[in-house]
Every structure is written in structure tokens, then in C-alpha cells.
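my_file_10.txt follows (compact mmCIF, C-alpha atoms and all ligand atoms):
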# COMPACT_ATOMS: atom_id res chain seq x y z
CA MET Q 44 104.85 114.84 90.98
CA ARG Q 45 101.33 116.31 91.08
CA ARG Q 46 98.38 113.97 91.74
CA ILE Q 47 96.00 113.44 88.82
CA GLN Q 48 92.57 111.80 89.07
CA PHE Q 49 92.19 110.49 85.46
CA PHE Q 50 90.32 107.15 85.01
CA GLU Q 51 90.92 103.41 85.35
CA PHE Q 52 89.22 100.75 83.23
CA GLU Q 53 88.48 98.89 86.46
CA ASP Q 54 86.11 101.69 87.52
CA GLN Q 55 84.04 101.50 84.34
CA HIS Q 56 80.67 99.80 84.83
CA TRP Q 57 80.77 98.46 81.24
CA LEU Q 58 83.95 96.44 81.81
CA PRO Q 59 83.00 92.74 81.57
CA ALA Q 60 83.19 90.94 84.93
CA SER Q 61 85.54 88.31 83.43
CA ILE Q 62 88.14 91.02 82.66
CA ARG Q 63 87.63 92.90 85.95
CA ASN Q 64 87.97 89.63 87.89
CA GLY Q 65 91.12 88.77 85.91
CA ILE Q 66 92.65 92.07 87.05
CA THR Q 67 91.82 91.60 90.73
CA ASP Q 68 92.95 87.93 90.51
CA PHE Q 69 96.37 89.20 89.40
CA LEU Q 70 96.50 91.78 92.20
CA GLN Q 71 95.61 89.14 94.78
CA PHE Q 72 98.25 86.76 93.38
CA SER Q 73 101.07 89.32 93.30
CA VAL Q 74 100.30 90.69 96.76
CA GLU Q 75 100.16 87.21 98.27
CA TYR Q 76 103.30 85.85 96.61
CA GLY Q 77 105.30 89.02 97.10
CA ASP Q 78 104.01 89.30 100.70
CA LEU Q 79 103.95 93.01 99.96
CA TYR Q 80 101.86 94.09 102.96
CA LYS Q 81 104.03 92.25 105.50
CA GLY Q 82 105.38 95.41 107.17
CA PHE Q 83 102.00 97.12 107.17
CA ALA Q 84 100.31 94.02 108.64
CA ASN Q 85 102.30 94.50 111.86
CA ARG Q 86 101.00 98.06 112.14
CA LEU Q 87 97.46 96.91 111.42
CA SER Q 88 97.77 94.15 114.00
CA LYS Q 89 98.76 96.69 116.69
CA ALA Q 90 95.94 99.04 115.66
CA LEU Q 91 93.39 96.22 115.86
CA ASP Q 92 94.71 95.26 119.27
CA ARG Q 93 94.30 98.79 120.56
CA SER Q 94 90.85 99.23 119.02
CA GLY Q 95 89.55 96.04 120.65
CA ASP Q 96 87.60 95.29 117.44
CA THR Q 97 86.96 91.68 116.56
CA GLN Q 98 85.45 92.40 113.15
CA ILE Q 99 87.15 93.88 110.08
CA ILE Q 100 84.96 95.27 107.29
CA ASP Q 101 87.19 95.24 104.23
CA LEU Q 102 85.97 97.67 101.57
CA CYS Q 103 86.94 97.43 97.87
CA SER Q 104 88.15 93.85 98.45
CA GLY Q 105 88.44 92.82 94.79
CA ALA Q 106 89.68 89.21 94.91
CA GLY Q 107 90.69 89.52 98.56
CA GLY Q 108 94.01 91.33 97.98
CA PRO Q 109 96.31 90.75 100.95
CA MET Q 110 93.83 88.79 103.07
CA LYS Q 111 95.60 85.43 102.85
CA SER Q 112 98.92 87.03 103.78
CA LEU Q 113 97.28 88.77 106.75
CA LEU Q 114 96.58 85.29 108.12
CA LYS Q 115 100.34 84.79 108.36
CA HIS Q 116 101.01 88.09 110.07
CA ILE Q 117 98.01 88.78 112.30
CA PRO Q 118 97.61 85.90 114.77
CA ASP Q 119 94.11 87.02 115.83
CA VAL Q 120 92.88 86.81 112.23
CA ASN Q 121 94.54 83.45 111.74
CA SER Q 122 92.91 82.05 114.88
CA GLY Q 123 89.50 83.39 113.86
CA ARG Q 124 89.28 85.69 116.90
CA ILE Q 125 89.10 88.57 114.45
CA LYS Q 126 86.68 87.94 111.57
CA VAL Q 127 86.99 89.63 108.19
CA HIS Q 128 84.00 90.55 106.03
CA LEU Q 129 84.93 91.22 102.39
CA THR Q 130 82.94 93.67 100.27
CA ASP Q 131 83.23 95.42 96.92
CA TYR Q 132 81.11 97.42 94.52
CA TYR Q 133 82.03 94.85 91.85
CA PRO Q 134 82.81 91.81 94.01
CA ASN Q 135 85.01 89.11 92.43
CA LEU Q 136 82.59 86.43 93.60
CA PRO Q 137 84.49 83.32 92.44
CA ALA Q 138 87.63 84.49 94.30
CA LEU Q 139 85.81 85.70 97.43
CA SER Q 140 83.74 82.52 97.72
CA GLU Q 141 86.92 80.44 97.33
CA LEU Q 142 88.56 82.42 100.14
CA ALA Q 143 85.51 82.04 102.42
CA ARG Q 144 85.32 78.32 101.58
CA THR Q 145 89.00 77.61 102.30
CA VAL Q 146 89.27 79.73 105.48
CA PRO Q 147 85.70 79.80 106.85
CA ILE Q 148 86.96 80.44 110.37
CA CYS Q 149 87.56 84.10 109.57
CA PHE Q 150 86.33 85.11 106.09
CA THR Q 151 82.80 86.00 105.01
CA TYR Q 152 81.79 88.15 102.05
CA SER Q 153 78.88 90.11 100.63
CA LYS Q 154 77.46 88.90 97.34
CA ASP Q 155 75.78 92.24 96.73
CA ALA Q 156 77.48 95.45 95.60
CA ILE Q 157 78.67 97.40 98.65
CA SER Q 158 79.95 100.89 97.96
CA ALA Q 159 82.75 102.23 100.12
CA LEU Q 160 80.83 105.51 99.91
CA ASP Q 161 77.76 104.06 101.52
CA VAL Q 162 78.72 101.39 104.05
CA PRO Q 163 75.53 99.90 105.57
CA SER Q 164 75.26 100.78 109.25
CA SER Q 165 74.66 97.08 110.00
CA MET Q 166 78.30 96.47 109.01
CA ALA Q 167 80.00 97.29 112.28
CA GLY Q 168 83.75 96.89 112.61
CA PHE Q 169 87.19 98.23 111.83
CA ARG Q 170 87.31 99.38 108.20
CA THR Q 171 90.17 98.54 105.86
CA LEU Q 172 90.87 99.58 102.26
CA PHE Q 173 93.79 98.00 100.41
CA SER Q 174 95.08 99.43 97.12
CA SER Q 175 91.81 101.20 96.53
CA PHE Q 176 91.69 104.60 98.26
CA HIS Q 177 93.29 106.21 95.17
CA HIS Q 178 90.14 105.35 93.18
CA PHE Q 179 88.32 108.15 95.00
CA ASN Q 180 88.65 111.83 94.27
CA GLU Q 181 89.38 114.09 97.23
CA ARG Q 182 85.73 114.79 97.97
CA ASP Q 183 84.75 111.10 98.03
CA ALA Q 184 87.93 110.02 99.82
CA THR Q 185 87.20 112.58 102.56
CA ARG Q 186 83.62 111.26 102.70
CA ILE Q 187 84.93 107.73 103.39
CA LEU Q 188 87.07 108.98 106.27
CA GLN Q 189 84.28 111.23 107.57
CA ASP Q 190 81.81 108.35 107.64
CA ALA Q 191 84.21 106.15 109.63
CA VAL Q 192 84.74 108.96 112.15
CA ALA Q 193 81.01 109.75 112.38
CA LYS Q 194 80.34 106.06 113.16
CA LYS Q 195 83.36 105.89 115.53
CA ARG Q 196 85.00 103.10 113.51
CA GLY Q 197 88.72 102.48 113.29
CA ILE Q 198 89.98 102.78 109.72
CA ALA Q 199 93.17 101.70 107.93
CA ILE Q 200 94.10 102.56 104.36
CA ALA Q 201 97.09 101.02 102.61
CA GLU Q 202 98.27 101.65 99.08
CA LEU Q 203 100.91 99.70 97.16
CA THR Q 204 101.14 102.32 94.44
CA GLN Q 205 102.94 105.63 94.83
CA ARG Q 206 103.68 108.67 92.68
CA HIS Q 207 107.23 107.46 92.24
CA ALA Q 208 109.20 107.11 88.97
CA LEU Q 209 110.40 103.59 89.89
CA LEU Q 210 106.84 102.33 90.20
CA LEU Q 211 105.78 104.03 86.97
CA VAL Q 212 108.61 102.22 85.17
CA TYR Q 213 107.69 98.94 86.89
CA MET Q 214 104.15 99.18 85.47
CA PHE Q 215 105.55 98.74 81.92
CA PHE Q 216 106.74 95.27 82.94
CA THR Q 217 103.47 94.12 84.51
CA PRO Q 218 102.02 92.70 81.24
CA PHE Q 219 104.87 90.15 81.24
CA LEU Q 220 104.16 89.25 84.86
CA VAL Q 221 100.48 88.75 84.02
CA LEU Q 222 101.43 86.50 81.07
CA PHE Q 223 103.60 84.44 83.39
CA ALA Q 224 101.25 84.29 86.39
CA SER Q 225 97.85 83.76 84.80
CA PRO Q 226 97.79 79.91 84.75
CA PHE Q 227 98.88 79.73 88.41
CA GLN Q 228 96.17 82.02 89.78
CA LYS Q 229 93.23 80.61 91.69
CA PRO Q 230 90.40 79.92 91.11
CA PHE Q 231 91.20 78.59 87.63
CA ARG Q 232 89.13 80.21 84.87
CA TRP Q 233 89.15 79.71 81.11
CA SER Q 234 87.96 83.30 80.65
CA ARG Q 235 91.15 84.59 82.31
CA LEU Q 236 93.30 82.58 79.88
CA PHE Q 237 91.22 83.87 76.98
CA TRP Q 238 91.59 87.54 78.01
CA THR Q 239 95.30 86.98 78.68
CA TYR Q 240 96.60 84.87 75.80
CA VAL Q 241 94.00 85.05 72.98
CA LEU Q 242 93.06 88.70 73.40
CA PRO Q 243 95.65 90.15 75.84
CA VAL Q 244 93.29 92.66 77.38
CA ILE Q 245 94.07 91.79 81.03
CA PRO Q 246 97.86 92.37 80.71
CA LEU Q 247 97.30 95.73 78.99
CA VAL Q 248 94.63 96.91 81.41
CA VAL Q 249 96.73 95.88 84.43
CA ALA Q 250 99.58 98.03 83.10
CA PHE Q 251 97.35 100.99 82.22
CA ASP Q 252 95.39 100.93 85.49
CA GLY Q 253 98.60 100.35 87.46
CA PHE Q 254 100.23 103.38 85.84
CA VAL Q 255 97.18 105.56 86.51
CA SER Q 256 96.88 104.19 90.06
CA CYS Q 257 100.40 105.44 90.80
CA LEU Q 258 99.51 108.91 89.54
CA ARG Q 259 96.32 108.93 91.62
CA THR Q 260 97.83 107.76 94.92
CA TYR Q 261 97.76 110.26 97.77
CA THR Q 262 100.94 111.00 99.70
CA PRO Q 263 100.96 110.74 103.54
CA GLU Q 264 100.95 114.56 103.65
CA GLU Q 265 97.87 114.76 101.41
CA LEU Q 266 96.14 112.12 103.52
CA MET Q 267 96.83 114.08 106.70
CA LYS Q 268 95.57 117.27 105.05
CA MET Q 269 92.37 115.42 104.20
CA VAL Q 270 92.08 114.22 107.81
CA HIS Q 271 92.25 117.81 109.05
CA GLY Q 272 89.16 118.61 107.00
CA ILE Q 273 87.04 116.02 108.82
CA ALA Q 274 84.61 116.98 111.56
CA GLY Q 275 85.71 115.19 114.73
CA TYR Q 276 89.22 114.29 113.54
CA GLU Q 277 90.62 115.45 116.90
CA ASP Q 278 88.79 112.56 118.59
CA TYR Q 279 91.02 110.16 116.68
CA GLU Q 280 94.67 109.25 116.78
CA TRP Q 281 96.06 109.34 113.24
CA GLN Q 282 99.23 107.87 111.77
CA ALA Q 283 100.32 108.28 108.16
CA GLY Q 284 103.54 107.32 106.45
CA VAL Q 285 105.26 104.93 104.08
CA GLU Q 286 106.26 101.43 105.22
CA TRP Q 287 109.28 100.64 103.05
CA ILE Q 288 109.38 97.31 101.20
CA GLY Q 289 112.94 95.97 100.99
CA VAL Q 290 115.81 98.27 100.09
CA LEU Q 291 114.15 100.34 97.37
CA PRO Q 292 112.80 103.81 98.25
CA ILE Q 293 109.22 102.66 97.66
CA GLY Q 294 106.65 101.08 99.88
CA VAL Q 295 103.14 100.96 101.26
CA THR Q 296 101.57 104.35 101.93
CA TYR Q 297 99.24 104.09 104.90
CA LEU Q 298 96.81 106.03 107.01
CA ILE Q 299 95.44 104.60 110.25
CA GLY Q 300 92.79 106.29 112.35
CA LEU Q 301 91.81 105.05 115.82
CA PRO Q 302 89.08 106.54 118.02
CA ARG Q 303 90.85 108.02 121.04
CA LYS Q 304 88.55 106.33 123.53
CA ALA Q 305 90.08 103.06 122.36
CA THR Q 306 93.68 104.15 122.93
C1 LIG A 1 92.78 97.99 92.66
S1 LIG A 1 91.43 97.03 93.22
C2 LIG A 1 92.03 96.51 94.81
C3 LIG A 1 91.41 95.20 95.24
C4 LIG A 1 91.96 94.62 96.54
N1 LIG A 1 91.65 95.44 97.69
C5 LIG A 1 93.42 94.33 96.46
O1 LIG A 1 94.19 94.85 97.29
O2 LIG A 1 93.83 93.55 95.59
C6 LIG A 1 90.25 98.27 93.62
C7 LIG A 1 88.90 97.72 93.97
O3 LIG A 1 88.07 98.80 94.35
C8 LIG A 1 86.75 98.50 93.95
N2 LIG A 1 85.94 99.72 93.97
C9 LIG A 1 86.06 100.80 93.16
N3 LIG A 1 85.15 101.74 93.51
C10 LIG A 1 84.45 101.24 94.58
C11 LIG A 1 83.40 101.73 95.41
N4 LIG A 1 82.86 102.93 95.22
N5 LIG A 1 82.97 100.96 96.42
C12 LIG A 1 83.50 99.74 96.64
N6 LIG A 1 84.47 99.20 95.87
C13 LIG A 1 84.96 99.96 94.86
C14 LIG A 1 86.93 97.87 92.59
O4 LIG A 1 85.81 97.09 92.21
C15 LIG A 1 88.18 97.02 92.82
O5 LIG A 1 87.87 95.71 93.20
Translate the structure of the given file into C-alpha cells.
Ligand SMILES: C[S@@+](CC[C@H](N)C(=O)[O-])C[C@H]1O[C@@H](n2cnc3c(N)ncnc32)[C@H](O)[C@@H]1O
Amino acid sequence: MRRIQFFEFEDQHWLPASIRNGITDFLQFSVEYGDLYKGFANRLSKALDRSGDTQIIDLCSGAGGPMKSLLKHIPDVNSGRIKVHLTDYYPNLPALSELARTVPICFTYSKDAISALDVPSSMAGFRTLFSSFHHFNERDATRILQDAVAKKRGIAIAELTQRHALLLVYMFFTPFLVLFASPFQKPFRWSRLFWTYVLPVIPLVVAFDGFVSCLRTYTPEELMKMVHGIAGYEDYEWQAGVEWIGVLPIGVTYLIGLPRKAT
């Protein structure tokens, strides 16, 4: 299946924050309850160990995505030895502040818009992007990798979507999951119930964006091709692949880059 760029509602600046936050709330909820990044977390844990970094700069954090589940799987994050700073161009502030309030030992967040394409040099640390690298076209995606390499930062990218027929079919069922999950998501918000049950915009946008996300997701081969276009890529150790989830032939596509001096 060929990759297509197309568009997601989530990327549109005119999308009301209450709808955008409802979408990232659902992503955070499903990732946490499904523990979908469990296998990848072990890889990330090893990469962090080898890098020696004690700070993660999470880009495109949304509502925090897999952060709470990482606490379970990465002991150094759970203990607070490794801190995580959450950032987004459209930060889901209620969700990020709730996360920082409940686990202050390791989570902080930026209230201001931080673009993954322009990470402030004051934000030093190992960069992570969960379920978000597909938002960027090849030129911008390469720019994100190039910037990490130029600044000698470790970087890990993990995507739950894939250009796979099973996942495309699954996306048709997501509106029902949103209808079921909405009241249980935290923090509680009347606006989320409104955009779910009165005007069901969130369920429909989750399905549409999810479908498009699958079509936009890079394969490990495409990620490695991108890597080979980066100046200084040889100074890094790269791993790319798919970490299978359960018995189905689908999983988390990942790319991890570590500066060689750290290995
Ligand atoms: C599909 S959500 C993933 C959120 C979260 N990482 C997760 O796993 O649930 C993609 C996120 O990327 C953010 N985003 C899109 N373009 C961005 C950019 N240029 N810089 C920073 N964040 C961006 C969106 O605001 C959104 O929160």
C-alpha cells in the first residue's frame, strides 16, 4: 500500500480545542488501557540506559499518550530518575496538568506551543514522538531527525498505526469505542460529552483521522531510507522495525537513533 499524506482534522488550526482535546483524551485512554506500547517500552528503556540521558523531551504529546504506561515499564521513569517533559503544538493542557499534578516526580509540561519542527535548544534530552511522526511529510519528518542528530540527541519514534488492512478496518469501529469510553476518560469534561453524545463529532473525527493516520504511517524501510538522507547519520546507531502486539500481524512501528559515542 502506497503512503499518502492527505490531511487530518487534528492538524487544522481552526479545530476547537475542546474537540482536539477530546481526540487526544481518547488516544491517551486507549493506549493506557490497552497497554499498547508495552513491548516498545522495553526497547526504549534499553535505549535510555545506553544513552545515559536522564531527561526525555516528548514532542507531540497530546494528552500524554503512553506516558502513564511507561511508568509501569521503565523503572527509571517510575522512580523519577528519568524526568519527562511533555510538549505539543496544541497542548491538551487539562490532561497534561493532571498528569504533572498526579505524578510530579517525573512529569513536567510546556504550556506554550512547542513545534516538533523547532525544538528550543534549551530543551536538552532524549526526544520521543508517539503516534505523531506520520503527521509530517517526508521533508519535515527528515528535518525532525536531522535536528536531533545535529544536536546529538537520542531520538525514538513509535507509531501505533500502520498501512495495514486490519487497522484500516479497525478504524471503522473506533466511533463505538469512543462512545463507550468517553465518560471514563480523565479529566472529566462536559465539552467531551457534548461533542460525543449531542453532536458526535469526536467519534467521527477519531475514525477519520485514525484511517488517514494509517495511510500516512511510514514503514521501517521508509524510515531507514529517510535516515540515510541525514547529514551525520553514520555517527548514530539506528534500529527500525515493528514490535508486534499480541498474535495479530500488526504492531508498533519504531525508529530509534542513538549517538554512537553513547553506545
Ligand atoms: C495523534 S496525536 C498523538 C498524541 C500523543 N503523542 C499520543 O500518543 O496519544 C498527534 C499530536 O501531534 C501534535 N502535533 C501535530 N503537529 C505538530 C507539530 N508540528 N509540533 C508539535 N506537535 C504537533 C498534535 O497536536 C497532536 O497532539
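Here the residues that fall within 12 Å of (100.1, 81.6, 81.0), using all atoms listed in the file, are given as Phe69, Pro218, Phe219, Leu220, Val221, Leu222, Phe223, Ala224, Ser225, Pro226, Phe227, Gln228, Phe231, Arg232, Trp233, Arg235, Leu236, Phe237, Trp238, Thr239, Tyr240, Val241, Pro243, Ile245 and Pro246 of chain Q.
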Any chance you could export the current selection's C-alpha atoms as a PDB file, in the coordinates of the input?
ATOM      1  CA  PHE Q  69      96.370  89.200  89.400  1.00  0.00           C
ATOM      2  CA  PRO Q 218     102.020  92.700  81.240  1.00  0.00           C
ATOM      3  CA  PHE Q 219     104.870  90.150  81.240  1.00  0.00           C
ATOM      4  CA  LEU Q 220     104.160  89.250  84.860  1.00  0.00           C
ATOM      5  CA  VAL Q 221     100.480  88.750  84.020  1.00  0.00           C
ATOM      6  CA  LEU Q 222     101.430  86.500  81.070  1.00  0.00           C
ATOM      7  CA  PHE Q 223     103.600  84.440  83.390  1.00  0.00           C
ATOM      8  CA  ALA Q 224     101.250  84.290  86.390  1.00  0.00           C
ATOM      9  CA  SER Q 225      97.850  83.760  84.800  1.00  0.00           C
ATOM     10  CA  PRO Q 226      97.790  79.910  84.750  1.00  0.00           C
ATOM     11  CA  PHE Q 227      98.880  79.730  88.410  1.00  0.00           C
ATOM     12  CA  GLN Q 228      96.170  82.020  89.780  1.00  0.00           C
ATOM     13  CA  PHE Q 231      91.200  78.590  87.630  1.00  0.00           C
ATOM     14  CA  ARG Q 232      89.130  80.210  84.870  1.00  0.00           C
ATOM     15  CA  TRP Q 233      89.150  79.710  81.110  1.00  0.00           C
ATOM     16  CA  ARG Q 235      91.150  84.590  82.310  1.00  0.00           C
ATOM     17  CA  LEU Q 236      93.300  82.580  79.880  1.00  0.00           C
ATOM     18  CA  PHE Q 237      91.220  83.870  76.980  1.00  0.00           C
ATOM     19  CA  TRP Q 238      91.590  87.540  78.010  1.00  0.00           C
ATOM     20  CA  THR Q 239      95.300  86.980  78.680  1.00  0.00           C
ATOM     21  CA  TYR Q 240      96.600  84.870  75.800  1.00  0.00           C
ATOM     22  CA  VAL Q 241      94.000  85.050  72.980  1.00  0.00           C
ATOM     23  CA  PRO Q 243      95.650  90.150  75.840  1.00  0.00           C
ATOM     24  CA  ILE Q 245      94.070  91.790  81.030  1.00  0.00           C
ATOM     25  CA  PRO Q 246      97.860  92.370  80.710  1.00  0.00           C
TER      26      PRO Q 246
END
task = Report as a PyMOL selection string which protein, DNA and RNA residues come within 6 Å of ligand LIG 1 (chain A), using only C-alpha atoms and all ligand atoms.
result = chain Q and resi 54+67+70-71+102-105+107-109+131-133+157-160+173-175
Output file for the residues above (C-alpha atoms, as a PDB file, in the frame of the given file):
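And here's selection15.pdb as it stands now:
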ATOM      1  CA  ASP Q  54      86.110 101.690  87.520  1.00  0.00           C
ATOM      2  CA  THR Q  67      91.820  91.600  90.730  1.00  0.00           C
ATOM      3  CA  LEU Q  70      96.500  91.780  92.200  1.00  0.00           C
ATOM      4  CA  GLN Q  71      95.610  89.140  94.780  1.00  0.00           C
ATOM      5  CA  LEU Q 102      85.970  97.670 101.570  1.00  0.00           C
ATOM      6  CA  CYS Q 103      86.940  97.430  97.870  1.00  0.00           C
ATOM      7  CA  SER Q 104      88.150  93.850  98.450  1.00  0.00           C
ATOM      8  CA  GLY Q 105      88.440  92.820  94.790  1.00  0.00           C
ATOM      9  CA  GLY Q 107      90.690  89.520  98.560  1.00  0.00           C
ATOM     10  CA  GLY Q 108      94.010  91.330  97.980  1.00  0.00           C
ATOM     11  CA  PRO Q 109      96.310  90.750 100.950  1.00  0.00           C
ATOM     12  CA  ASP Q 131      83.230  95.420  96.920  1.00  0.00           C
ATOM     13  CA  TYR Q 132      81.110  97.420  94.520  1.00  0.00           C
ATOM     14  CA  TYR Q 133      82.030  94.850  91.850  1.00  0.00           C
ATOM     15  CA  ILE Q 157      78.670  97.400  98.650  1.00  0.00           C
ATOM     16  CA  SER Q 158      79.950 100.890  97.960  1.00  0.00           C
ATOM     17  CA  ALA Q 159      82.750 102.230 100.120  1.00  0.00           C
ATOM     18  CA  LEU Q 160      80.830 105.510  99.910  1.00  0.00           C
ATOM     19  CA  PHE Q 173      93.790  98.000 100.410  1.00  0.00           C
ATOM     20  CA  SER Q 174      95.080  99.430  97.120  1.00  0.00           C
ATOM     21  CA  SER Q 175      91.810 101.200  96.530  1.00  0.00           C
TER      22      SER Q 175
END
query = For Q:Arg182, which residue among Q:Lys111, Q:Met267, Q:Glu53, Q:Ile273 is the nearest when counting all atoms listed in the file?
reply =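 Selected residue with least distance to Q:Arg182: Q:Ile273.
For the choices Q:Asn135, Q:Ser122, Q:Gln189, Q:Thr145, the atom-to-atom distance to Q:Ser61 is smallest for Q:Asn135 when using only C-alpha atoms.
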key: From Q:Phe216, Q:Tyr276, Q:Phe150, Q:Phe179, residue lying nearest Q:Lys195 [all atoms listed in the file]   = Q:Tyr276
request  = Provide the atom CA of Q:Ala106 to atom CA of Q:Thr151 distance in Å, to one decimal place.
outcome  = 12.6 Å
key: Residue among Q:Val249, Q:Leu258, Q:Leu79, Q:Met166 lying closest to Q:Thr217, counting only C-alpha atoms   =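 With only C-alpha atoms as the atom set, the closest residue is Q:Val249.
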The centre and edge lengths of an axis-aligned box containing all atoms of stretch 98-102 of chain Q present in the file, extended by 4 Å on each side, are to be given in Å to one decimal, as AutoDock Vina command-line options.
--center_x 86.1 --center_y 95.0 --center_z 107.4 --size_x 10.2 --size_y 13.3 --size_z 19.6
task = Can you work out which one of Q:Lys194, Q:Ala199, Q:Ala250, Q:Val162 has the shortest atom-to-atom distance to Q:Tyr213, counting all atoms listed in the file?
result =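 Comparing Q:Lys194, Q:Ala199, Q:Ala250, Q:Val162 against Q:Tyr213, the winner is Q:Ala250.
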task = Just give me the gap between atom CA of Q:Lys304 and atom CA of Q:Asp278 in Å, one decimal is fine.
result =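 A separation of 8.0 Å between them.
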query = Leaving out Q:Val120 and any residue of its chain fewer than 5 positions from it, which residues lie within 12 Å of it when counting all atoms listed in the file, given as a count of residues only?
reply = 24
Since the input is missing atoms for stretch 75-91 of chain Q, could you rebuild it with N, CA and C atoms and give the result as an mmCIF file, keeping the file's coordinate frame?
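Written output follows (part28.cif):
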data_model
loop_
_atom_site.group_PDB
_atom_site.id
_atom_site.type_symbol
_atom_site.label_atom_id
_atom_site.label_comp_id
_atom_site.auth_asym_id
_atom_site.auth_seq_id
_atom_site.Cartn_x
_atom_site.Cartn_y
_atom_site.Cartn_z
ATOM 1 N N GLU Q 75 99.950 88.374 97.404
ATOM 2 C CA GLU Q 75 100.160 87.210 98.270
ATOM 3 C C GLU Q 75 101.575 86.646 98.077
ATOM 4 N N TYR Q 76 102.001 86.467 96.827
ATOM 5 C CA TYR Q 76 103.300 85.850 96.610
ATOM 6 C C TYR Q 76 104.456 86.778 96.925
ATOM 7 N N GLY Q 77 104.240 88.069 96.750
ATOM 8 C CA GLY Q 77 105.300 89.020 97.100
ATOM 9 C C GLY Q 77 105.267 89.353 98.593
ATOM 10 N N ASP Q 78 104.213 88.971 99.285
ATOM 11 C CA ASP Q 78 104.010 89.300 100.700
ATOM 12 C C ASP Q 78 104.241 90.810 100.916
ATOM 13 N N LEU Q 79 103.617 91.590 100.040
ATOM 14 C CA LEU Q 79 103.950 93.010 99.960
ATOM 15 C C LEU Q 79 103.420 93.844 101.129
ATOM 16 N N TYR Q 80 102.419 93.312 101.841
ATOM 17 C CA TYR Q 80 101.860 94.090 102.960
ATOM 18 C C TYR Q 80 102.406 93.618 104.310
ATOM 19 N N LYS Q 81 103.495 92.828 104.258
ATOM 20 C CA LYS Q 81 104.030 92.250 105.500
ATOM 21 C C LYS Q 81 104.289 93.317 106.573
ATOM 22 N N GLY Q 82 105.028 94.354 106.210
ATOM 23 C CA GLY Q 82 105.380 95.410 107.170
ATOM 24 C C GLY Q 82 104.130 96.113 107.676
ATOM 25 N N PHE Q 83 103.216 96.402 106.778
ATOM 26 C CA PHE Q 83 102.000 97.120 107.170
ATOM 27 C C PHE Q 83 101.133 96.253 108.090
ATOM 28 N N ALA Q 84 101.155 94.924 107.845
ATOM 29 C CA ALA Q 84 100.310 94.020 108.640
ATOM 30 C C ALA Q 84 100.647 94.148 110.135
ATOM 31 N N ASN Q 85 101.931 94.359 110.444
ATOM 32 C CA ASN Q 85 102.300 94.500 111.860
ATOM 33 C C ASN Q 85 101.668 95.751 112.460
ATOM 34 N N ARG Q 86 101.648 96.820 111.677
ATOM 35 C CA ARG Q 86 101.000 98.060 112.140
ATOM 36 C C ARG Q 86 99.507 97.838 112.340
ATOM 37 N N LEU Q 87 98.908 97.151 111.355
ATOM 38 C CA LEU Q 87 97.460 96.910 111.420
ATOM 39 C C LEU Q 87 97.138 96.043 112.640
ATOM 40 N N SER Q 88 97.976 95.052 112.866
ATOM 41 C CA SER Q 88 97.770 94.150 114.000
ATOM 42 C C SER Q 88 97.741 94.946 115.315
ATOM 43 N N LYS Q 89 98.697 95.868 115.459
ATOM 44 C CA LYS Q 89 98.760 96.690 116.690
ATOM 45 C C LYS Q 89 97.518 97.578 116.787
ATOM 46 N N ALA Q 90 97.105 98.144 115.642
ATOM 47 C CA ALA Q 90 95.940 99.040 115.660
ATOM 48 C C ALA Q 90 94.684 98.245 116.050
ATOM 49 N N LEU Q 91 94.561 97.032 115.529
ATOM 50 C CA LEU Q 91 93.390 96.220 115.860
ATOM 51 C C LEU Q 91 93.375 95.885 117.342
#
